[in-house]
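Below: structure.cif (mmCIF, C-alpha atoms)
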```cif
data_input
#
loop_
_atom_site.label_atom_id
_atom_site.label_comp_id
_atom_site.auth_asym_id
_atom_site.auth_seq_id
_atom_site.Cartn_x
_atom_site.Cartn_y
_atom_site.Cartn_z
CA MET A 1 80.63 -34.63 -9.16
CA LEU A 2 78.34 -33.49 -11.97
CA LEU A 3 76.67 -36.90 -11.90
CA LEU A 4 76.11 -36.58 -8.13
CA TYR A 5 74.44 -33.12 -8.52
CA SER A 6 72.18 -34.52 -11.24
CA LEU A 7 71.06 -37.35 -8.99
CA VAL A 8 70.30 -34.95 -6.11
CA ILE A 9 68.21 -32.64 -8.33
CA ALA A 10 66.30 -35.58 -9.80
CA ALA A 11 65.53 -36.88 -6.31
CA GLY A 12 64.26 -33.42 -5.25
CA LEU A 13 61.93 -33.15 -8.22
CA ALA A 14 60.58 -36.62 -7.54
CA ALA A 15 59.93 -35.65 -3.92
CA CYS A 16 58.04 -32.51 -5.00
CA HIS A 17 55.93 -34.57 -7.33
CA ILE A 18 55.08 -37.03 -4.56
CA VAL A 19 54.10 -34.25 -2.10
CA LYS A 20 51.95 -32.52 -4.71
CA GLY A 21 50.15 -35.73 -5.52
CA THR A 22 49.26 -36.43 -1.88
CA MET A 23 47.88 -32.99 -0.88
CA PRO A 24 44.36 -33.32 0.73
CA THR A 25 41.38 -32.12 -1.33
CA ALA A 26 38.12 -30.47 -0.19
CA VAL A 27 35.41 -32.98 0.66
CA THR A 28 31.79 -32.24 -0.31
CA PRO A 29 29.35 -33.34 2.41
CA ALA A 30 27.28 -36.31 1.39
CA THR A 31 24.11 -34.71 2.77
CA PRO A 32 23.78 -30.97 1.96
CA VAL A 33 22.31 -28.76 4.68
CA VAL A 34 18.71 -27.80 3.89
CA SER A 35 17.80 -24.27 4.99
CA VAL A 36 14.58 -23.56 6.83
CA ALA A 37 13.43 -21.49 3.88
CA GLN A 38 13.44 -24.64 1.75
CA ALA A 39 10.91 -26.46 3.94
CA LEU A 40 7.76 -27.31 2.04
CA PRO A 41 4.84 -24.94 2.71
CA VAL A 42 1.74 -26.26 4.46
CA ALA A 43 -1.83 -24.98 4.72
CA VAL A 44 -2.38 -22.65 7.66
CA TYR A 45 -5.94 -21.67 8.53
CA GLY A 46 -7.89 -20.04 11.32
CA GLN A 47 -9.79 -16.91 12.33
CA VAL A 48 -9.16 -13.42 13.67
CA LEU A 49 -10.90 -13.01 17.03
CA SER A 50 -11.37 -10.29 19.62
CA ALA A 51 -8.84 -10.44 22.45
CA HIS A 52 -11.52 -9.12 24.81
CA ASP A 53 -13.52 -12.35 24.88
CA SER A 54 -11.61 -14.73 22.53
CA VAL A 55 -14.94 -15.56 20.88
CA THR A 56 -16.12 -12.59 18.81
CA ILE A 57 -14.95 -12.88 15.21
CA ILE A 58 -13.66 -9.84 13.32
CA PRO A 59 -14.50 -10.21 9.62
CA ASN A 60 -12.87 -8.67 6.57
CA VAL A 61 -9.43 -8.15 8.11
CA GLU A 62 -6.63 -7.58 5.63
CA MET A 63 -3.72 -9.87 6.53
CA ILE A 64 -0.22 -9.29 5.16
CA PHE A 65 2.31 -12.06 5.81
CA ARG A 66 6.03 -11.31 5.44
CA CYS A 67 8.92 -13.73 5.82
CA GLN A 68 12.67 -13.28 5.51
CA LEU A 69 14.30 -16.23 3.77
CA THR A 70 17.84 -17.44 4.38
CA ASP A 71 19.04 -15.22 1.56
CA SER A 72 18.74 -11.79 3.20
CA ALA A 73 18.03 -10.20 -0.18
CA THR A 74 14.86 -12.24 -0.69
CA GLN A 75 11.50 -11.31 0.81
CA HIS A 76 8.22 -13.09 0.29
CA TRP A 77 4.89 -11.31 0.68
CA ARG A 78 1.36 -12.59 0.61
CA THR A 79 -1.86 -10.62 1.10
CA VAL A 80 -5.10 -12.33 2.01
CA LEU A 81 -8.48 -10.64 2.32
CA GLN A 82 -10.64 -12.52 4.77
CA ASN A 83 -14.14 -13.79 4.24
CA ASN A 84 -17.14 -12.55 6.22
CA ASP A 85 -16.72 -15.39 8.72
CA ALA A 86 -13.25 -14.03 9.60
CA SER A 87 -11.54 -17.15 8.28
CA TYR A 88 -8.34 -17.25 6.29
CA GLN A 89 -6.12 -19.90 4.68
CA VAL A 90 -2.60 -19.46 3.34
CA MET A 91 0.40 -21.63 2.50
CA LEU A 92 3.31 -20.98 4.90
CA ARG A 93 6.62 -22.68 5.66
CA PRO A 94 7.04 -24.31 9.12
CA GLY A 95 10.11 -23.22 11.05
CA THR A 96 10.12 -19.78 9.42
CA ASP A 97 9.66 -16.46 11.23
CA TYR A 98 6.71 -14.51 9.86
CA GLN A 99 5.69 -10.91 10.41
CA LEU A 100 1.92 -10.49 10.16
CA THR A 101 0.22 -7.11 9.83
CA MET A 102 -3.56 -7.00 10.28
CA ARG A 103 -5.61 -4.03 9.13
CA LEU A 104 -9.34 -3.35 8.96
CA ASN A 105 -10.67 -0.66 6.61
CA GLY A 106 -7.29 1.08 6.66
CA ARG A 107 -6.91 0.88 10.44
CA LEU A 108 -3.91 -0.97 11.87
CA LEU A 109 -5.20 -3.61 14.30
CA ASP A 110 -1.97 -5.38 15.19
CA SER A 111 1.46 -6.46 13.98
CA VAL A 112 2.85 -9.72 15.35
CA THR A 113 5.76 -12.07 14.80
CA PHE A 114 5.18 -15.81 14.92
CA LYS A 115 6.77 -19.09 13.88
CA LEU A 116 5.07 -22.33 12.88
CA ALA A 117 6.55 -25.36 14.65
CA GLU A 118 8.11 -27.89 12.29
CA GLY A 119 6.20 -31.16 12.13
CA SER A 120 3.07 -29.54 13.59
CA ALA A 121 0.90 -29.92 10.50
CA GLY A 122 -2.00 -32.34 10.71
CA ALA A 123 -3.96 -33.88 7.89
CA GLY A 124 -5.77 -30.60 7.20
CA GLY A 125 -2.82 -28.31 7.93
CA ILE A 126 -2.11 -26.08 10.94
CA MET A 127 -4.81 -24.12 12.76
CA GLN A 128 -3.56 -20.72 13.93
CA ASN A 129 -6.00 -18.16 15.34
CA PHE A 130 -5.02 -14.53 15.93
CA TYR A 131 -6.44 -12.30 18.66
CA VAL A 132 -6.56 -8.51 18.36
CA SER A 133 -7.77 -5.70 20.58
CA TYR A 134 -10.67 -4.32 18.64
CA THR A 135 -14.15 -3.13 19.52
CA ASP A 136 -16.72 -2.56 16.81
CA THR A 137 -18.15 0.73 18.05
CA LEU A 138 -19.20 4.11 16.70
CA GLU A 139 -17.94 5.96 19.76
CA GLU A 140 -14.36 6.42 18.56
CA GLY A 141 -15.12 8.35 15.39
CA LEU A 142 -16.76 5.34 13.70
CA LYS A 143 -14.82 2.54 12.11
CA ILE A 144 -12.19 3.77 9.73
CA TYR A 145 -12.92 3.15 6.07
CA ALA A 146 -10.34 3.57 3.34
CA ALA A 147 -10.18 3.71 -0.43
CA TYR A 148 -6.90 2.74 -2.10
CA PHE A 149 -5.50 4.20 -5.30
CA ASP A 150 -3.21 3.32 -8.17
CA THR A 151 0.21 4.97 -8.31
CA ASN A 152 -0.05 8.68 -9.13
CA ARG A 153 -3.81 8.40 -9.59
CA ALA A 154 -6.76 9.95 -7.78
CA ALA A 155 -9.54 8.12 -9.62
CA LEU A 156 -11.64 5.76 -7.51
CA GLN A 157 -11.24 2.06 -8.32
CA PRO A 158 -14.09 -0.50 -8.03
CA SER A 159 -12.71 -1.73 -4.70
CA GLY A 160 -12.63 1.85 -3.42
CA ARG A 161 -16.25 2.44 -4.41
CA ALA A 162 -17.20 -0.82 -2.66
CA HIS A 163 -15.58 0.40 0.58
CA LEU A 164 -17.37 3.73 0.27
CA ASN A 165 -20.68 1.95 -0.23
CA ASP A 166 -20.05 0.06 3.02
CA PHE A 167 -19.33 3.39 4.70
CA LEU A 168 -22.56 4.86 3.37
CA LYS A 169 -24.55 1.94 4.78
CA GLU A 170 -22.88 2.46 8.14
CA ILE A 171 -23.55 6.16 8.51
CA ARG A 172 -27.17 5.91 7.37
CA ALA A 173 -27.81 3.84 10.48
CA VAL A 174 -26.51 6.49 12.91
CA SER A 175 -27.28 10.10 13.73
CA MET A 176 -25.04 12.67 12.08
CA ASN A 177 -26.12 15.53 14.33
CA GLY A 178 -23.13 17.50 15.58
CA THR A 179 -20.69 15.49 13.50
CA VAL A 180 -18.81 15.81 10.23
CA ILE A 181 -17.06 13.42 7.90
CA VAL A 182 -13.32 14.04 7.68
CA VAL A 183 -11.60 12.57 4.63
CA GLN A 184 -7.83 12.31 4.89
CA GLY A 185 -5.80 12.04 1.69
CA HIS A 186 -2.45 10.22 1.71
CA ALA A 187 0.34 9.41 -0.74
CA GLU A 188 3.62 7.52 -0.70
CA PRO A 189 7.06 9.00 -1.44
CA LEU A 190 7.80 6.95 -4.58
CA GLU A 191 4.94 8.65 -6.40
CA VAL A 192 6.98 11.84 -6.82
CA PRO A 193 8.12 12.15 -10.47
CA THR A 194 11.88 12.03 -11.00
CA GLY A 195 13.39 15.50 -10.74
CA TYR A 196 10.25 17.18 -9.37
CA PRO A 197 11.54 20.27 -7.47
CA LYS A 198 9.07 20.20 -4.54
CA PRO A 199 8.24 16.60 -3.55
CA GLU A 200 6.21 17.52 -0.46
CA LYS A 201 4.04 19.91 -2.43
CA TYR A 202 3.39 17.24 -5.06
CA LEU A 203 2.40 14.59 -2.49
CA ASN A 204 0.15 17.03 -0.61
CA GLY A 205 -1.62 17.85 -3.85
CA LEU A 206 -2.03 14.16 -4.71
CA GLY A 207 -3.45 13.40 -1.28
CA ARG A 208 -5.88 16.32 -1.61
CA GLU A 209 -7.12 15.10 -5.00
CA ARG A 210 -7.75 11.65 -3.54
CA ALA A 211 -9.73 13.13 -0.65
CA LYS A 212 -11.74 15.25 -3.10
CA ALA A 213 -12.53 12.19 -5.24
CA VAL A 214 -13.94 10.43 -2.17
CA CYS A 215 -15.99 13.49 -1.17
CA ALA A 216 -17.41 13.81 -4.68
CA TYR A 217 -18.57 10.17 -4.53
CA LEU A 218 -20.17 10.67 -1.11
CA GLU A 219 -21.95 13.84 -2.24
CA LYS A 220 -23.21 12.06 -5.35
CA ASN A 221 -24.68 9.42 -3.05
CA GLY A 222 -26.62 11.73 -0.79
CA ILE A 223 -24.15 13.17 1.74
CA SER A 224 -24.57 16.90 2.20
CA ARG A 225 -21.56 18.90 1.05
CA ASN A 226 -21.48 20.88 4.31
CA LYS A 227 -20.85 17.61 6.18
CA LEU A 228 -17.60 16.95 4.32
CA LEU A 229 -14.15 18.17 5.32
CA ILE A 230 -10.86 17.28 3.67
CA ILE A 231 -7.24 17.29 4.75
CA SER A 232 -4.11 16.05 2.99
CA TYR A 233 -1.14 14.63 4.85
CA GLY A 234 0.87 13.75 1.76
CA SER A 235 3.33 11.05 2.84
CA ARG A 236 3.67 12.26 6.46
CA HIS A 237 1.26 9.71 8.00
CA PRO A 238 2.06 6.34 6.36
CA ALA A 239 -0.09 3.35 7.24
CA ALA A 240 2.89 1.00 6.91
CA PRO A 241 6.62 1.09 6.08
CA ASN A 242 7.00 1.91 2.40
CA THR A 243 9.13 -1.19 1.81
CA SER A 244 7.02 -3.40 -0.46
CA PRO A 245 4.33 -3.10 -3.15
CA GLU A 246 1.71 -4.27 -0.63
CA TYR A 247 2.67 -1.63 1.91
CA GLN A 248 2.96 1.06 -0.75
CA LEU A 249 -0.65 0.34 -1.71
CA LEU A 250 -1.72 0.81 1.92
CA ASN A 251 -0.09 4.24 1.87
CA ARG A 252 -1.88 5.36 -1.32
CA ARG A 253 -5.21 5.91 0.36
CA ALA A 254 -7.98 8.17 1.55
CA GLU A 255 -9.40 7.47 5.02
CA LEU A 256 -12.83 8.45 6.31
CA TYR A 257 -13.82 9.32 9.87
CA ILE A 258 -16.99 10.56 11.52
CA VAL A 259 -15.83 13.12 14.06
CA PRO A 260 -17.74 15.31 16.53
CA LEU A 261 -17.52 18.87 15.28
CA LYS A 262 -16.25 20.07 18.66
CA ASP A 263 -13.24 17.75 18.42
CA ILE A 264 -11.95 18.89 15.04
CA SER A 265 -9.25 21.24 16.34
CA LEU A 266 -8.18 18.74 19.00
CA ARG A 267 -7.81 15.65 16.85
CA TYR A 268 -5.91 17.06 13.91
CA SER A 269 -2.58 18.85 13.77
CA ARG A 270 -3.83 20.76 10.73
CA ARG A 271 -7.42 21.88 10.59
CA PRO A 272 -9.45 20.20 7.82
CA LYS A 273 -10.99 22.42 5.18
CA PRO A 274 -14.46 22.32 3.65
CA TYR A 275 -14.74 20.17 0.56
#
```
Mind converting the file's structure to structure tokens?
Amino acid sequence: MLLLYSLVIAAGLAACHIVKGTMPTAVTPATPVVSVAQALPVAVYGQVLSAHDSVTIIPNVEMIFRCQLTDSATQHWRTVLQNNDASYQVMLRPGTDYQLTMRLNGRLLDSVTFKLAEGSAGAGGIMQNFYVSYTDTLEEGLKIYAAYFDTNRAALQPSGRAHLNDFLKEIRAVSMNGTVIVVQGHAEPLEVPTGYPKPEKYLNGLGRERAKAVCAYLEKNGISRNKLLIISYGSRHPAAPNTSPEYQLLNRRAELYIVPLKDISLRYSRRPKPY
């Protein structure tokens, strides 16, 4: 009997060994799936044109391209400043959704979503024009000009002085009778020092200092002090979502407008103050 039990147990162990040895194993696909985000980038070029006639070019538009890769934690940004002929060229990935924000002198022109078709690139790349509703006129408070600032700084940078010089050329060609220059100062929330007890007060003060720096430059270059008004919005009027370094830069700004004096109390929720 003992011999019979031993034979049964031995047979059971052998069976277990056989079953274990024949269990299926995971199979790795021979051809891994390639995500859209891994597609090779191609040259994309074109112009920004007026949607009113599809012909008029709009130069010097700031274009910010944003794409969300397969990994939801990864974002790619690229900023391109256009040439005077309103042309641009960037390297983008076909088959990827892109969010494009277009701004001119601090003014938001348009924000669009687009996708490049896979296999659409020719020998020179892909031509992609963009059309925006924009009229170059002085009748809407002049074109908006903006100076951008470093984090927690109110000192004008070379690029800011260049924008102000363009503004000065513009206003010298028009009549300033019955109008004033309103300079709006802005900041972005991340500029508040850690532990600062009154964040809004800090950002309002920073925006005011930026507006004052712009006014001081304009006065130094021949603009009468009594033509300058300032107002600070702190972080309450962002130009873009404060979600990337590029957008944060757009929010650290001072914007300039020529406004009819009679419209001051109508256009602004808080009345600007003399510089």
Subject >> Residue nearest Leu249 of chain A among A:Ile223, A:Met127, A:Ile171, A:Ala146 (counting only C-alpha atoms) >> reply: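 Under the stated criterion, the closest residue is A:Ala146.
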**OP:** Excluding segment 151-164 of chain A and any residue of its chain fewer than 4 positions from it, enumerate the residues within 12 Å of it, using only C-alpha atoms, and give them as a VMD selection string.
**Re:** chain A and resid 60 104 to 106 143 to 147 168 to 171 183 185 to 193 202 to 221 223 245 248 to 257
Those selected residues, please, written with C-alpha atoms and delivered as a PDB file, in the coordinates of the input.
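Written file, out19.pdb:
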```
ATOM      1  CA  ASN A  60     -12.870  -8.670   6.570  1.00  0.00           C
ATOM      2  CA  LEU A 104      -9.340  -3.350   8.960  1.00  0.00           C
ATOM      3  CA  ASN A 105     -10.670  -0.660   6.610  1.00  0.00           C
ATOM      4  CA  GLY A 106      -7.290   1.080   6.660  1.00  0.00           C
ATOM      5  CA  LYS A 143     -14.820   2.540  12.110  1.00  0.00           C
ATOM      6  CA  ILE A 144     -12.190   3.770   9.730  1.00  0.00           C
ATOM      7  CA  TYR A 145     -12.920   3.150   6.070  1.00  0.00           C
ATOM      8  CA  ALA A 146     -10.340   3.570   3.340  1.00  0.00           C
ATOM      9  CA  ALA A 147     -10.180   3.710  -0.430  1.00  0.00           C
ATOM     10  CA  LEU A 168     -22.560   4.860   3.370  1.00  0.00           C
ATOM     11  CA  LYS A 169     -24.550   1.940   4.780  1.00  0.00           C
ATOM     12  CA  GLU A 170     -22.880   2.460   8.140  1.00  0.00           C
ATOM     13  CA  ILE A 171     -23.550   6.160   8.510  1.00  0.00           C
ATOM     14  CA  VAL A 183     -11.600  12.570   4.630  1.00  0.00           C
ATOM     15  CA  GLY A 185      -5.800  12.040   1.690  1.00  0.00           C
ATOM     16  CA  HIS A 186      -2.450  10.220   1.710  1.00  0.00           C
ATOM     17  CA  ALA A 187       0.340   9.410  -0.740  1.00  0.00           C
ATOM     18  CA  GLU A 188       3.620   7.520  -0.700  1.00  0.00           C
ATOM     19  CA  PRO A 189       7.060   9.000  -1.440  1.00  0.00           C
ATOM     20  CA  LEU A 190       7.800   6.950  -4.580  1.00  0.00           C
ATOM     21  CA  GLU A 191       4.940   8.650  -6.400  1.00  0.00           C
ATOM     22  CA  VAL A 192       6.980  11.840  -6.820  1.00  0.00           C
ATOM     23  CA  PRO A 193       8.120  12.150 -10.470  1.00  0.00           C
ATOM     24  CA  TYR A 202       3.390  17.240  -5.060  1.00  0.00           C
ATOM     25  CA  LEU A 203       2.400  14.590  -2.490  1.00  0.00           C
ATOM     26  CA  ASN A 204       0.150  17.030  -0.610  1.00  0.00           C
ATOM     27  CA  GLY A 205      -1.620  17.850  -3.850  1.00  0.00           C
ATOM     28  CA  LEU A 206      -2.030  14.160  -4.710  1.00  0.00           C
ATOM     29  CA  GLY A 207      -3.450  13.400  -1.280  1.00  0.00           C
ATOM     30  CA  ARG A 208      -5.880  16.320  -1.610  1.00  0.00           C
ATOM     31  CA  GLU A 209      -7.120  15.100  -5.000  1.00  0.00           C
ATOM     32  CA  ARG A 210      -7.750  11.650  -3.540  1.00  0.00           C
ATOM     33  CA  ALA A 211      -9.730  13.130  -0.650  1.00  0.00           C
ATOM     34  CA  LYS A 212     -11.740  15.250  -3.100  1.00  0.00           C
ATOM     35  CA  ALA A 213     -12.530  12.190  -5.240  1.00  0.00           C
ATOM     36  CA  VAL A 214     -13.940  10.430  -2.170  1.00  0.00           C
ATOM     37  CA  CYS A 215     -15.990  13.490  -1.170  1.00  0.00           C
ATOM     38  CA  ALA A 216     -17.410  13.810  -4.680  1.00  0.00           C
ATOM     39  CA  TYR A 217     -18.570  10.170  -4.530  1.00  0.00           C
ATOM     40  CA  LEU A 218     -20.170  10.670  -1.110  1.00  0.00           C
ATOM     41  CA  GLU A 219     -21.950  13.840  -2.240  1.00  0.00           C
ATOM     42  CA  LYS A 220     -23.210  12.060  -5.350  1.00  0.00           C
ATOM     43  CA  ASN A 221     -24.680   9.420  -3.050  1.00  0.00           C
ATOM     44  CA  ILE A 223     -24.150  13.170   1.740  1.00  0.00           C
ATOM     45  CA  PRO A 245       4.330  -3.100  -3.150  1.00  0.00           C
ATOM     46  CA  GLN A 248       2.960   1.060  -0.750  1.00  0.00           C
ATOM     47  CA  LEU A 249      -0.650   0.340  -1.710  1.00  0.00           C
ATOM     48  CA  LEU A 250      -1.720   0.810   1.920  1.00  0.00           C
ATOM     49  CA  ASN A 251      -0.090   4.240   1.870  1.00  0.00           C
ATOM     50  CA  ARG A 252      -1.880   5.360  -1.320  1.00  0.00           C
ATOM     51  CA  ARG A 253      -5.210   5.910   0.360  1.00  0.00           C
ATOM     52  CA  ALA A 254      -7.980   8.170   1.550  1.00  0.00           C
ATOM     53  CA  GLU A 255      -9.400   7.470   5.020  1.00  0.00           C
ATOM     54  CA  LEU A 256     -12.830   8.450   6.310  1.00  0.00           C
ATOM     55  CA  TYR A 257     -13.820   9.320   9.870  1.00  0.00           C
TER      56      TYR A 257
END
```
**OP:** Work out how far atom CA of Pro274 of chain A is from atom CA of Val180 of chain A, in Å to one decimal.
**Re:**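 If I compute the distance from atom CA of Val180 of chain A to atom CA of Pro274 of chain A, I get 10.2 Å.
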Original post:
atom CA of Leu100 of chain A and atom CA of Glu246 of chain A, how far apart in Å?
Top reply: 12.5 Å
**OP:** Between atom CA of Gly222 of chain A and atom CA of Val259 of chain A, measure the distance and give it in Å to one decimal.
**Re:** 18.4 Å
Subject >> Long-range neighbours of segment 116-126 of chain A as a ChimeraX atom specification, 7 Å cut-off, all atoms listed in the file, 2 positions minimum in chain >> reply: /A:42-45,94-96,114,128
Subject >> Near-Val55 of chain A list (12 Å; all atoms listed in the file; drop same-chain fewer than 4 positions) as a PyMOL selection string >> reply: chain A and resi 47-51+86+129-132
Subject >> From A:Ile258, A:Tyr148, A:Ser133, A:Met63, residue lying nearest Arg172 of chain A [all atoms listed in the file] >> reply: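 Under the stated criterion, the closest residue is A:Ile258.
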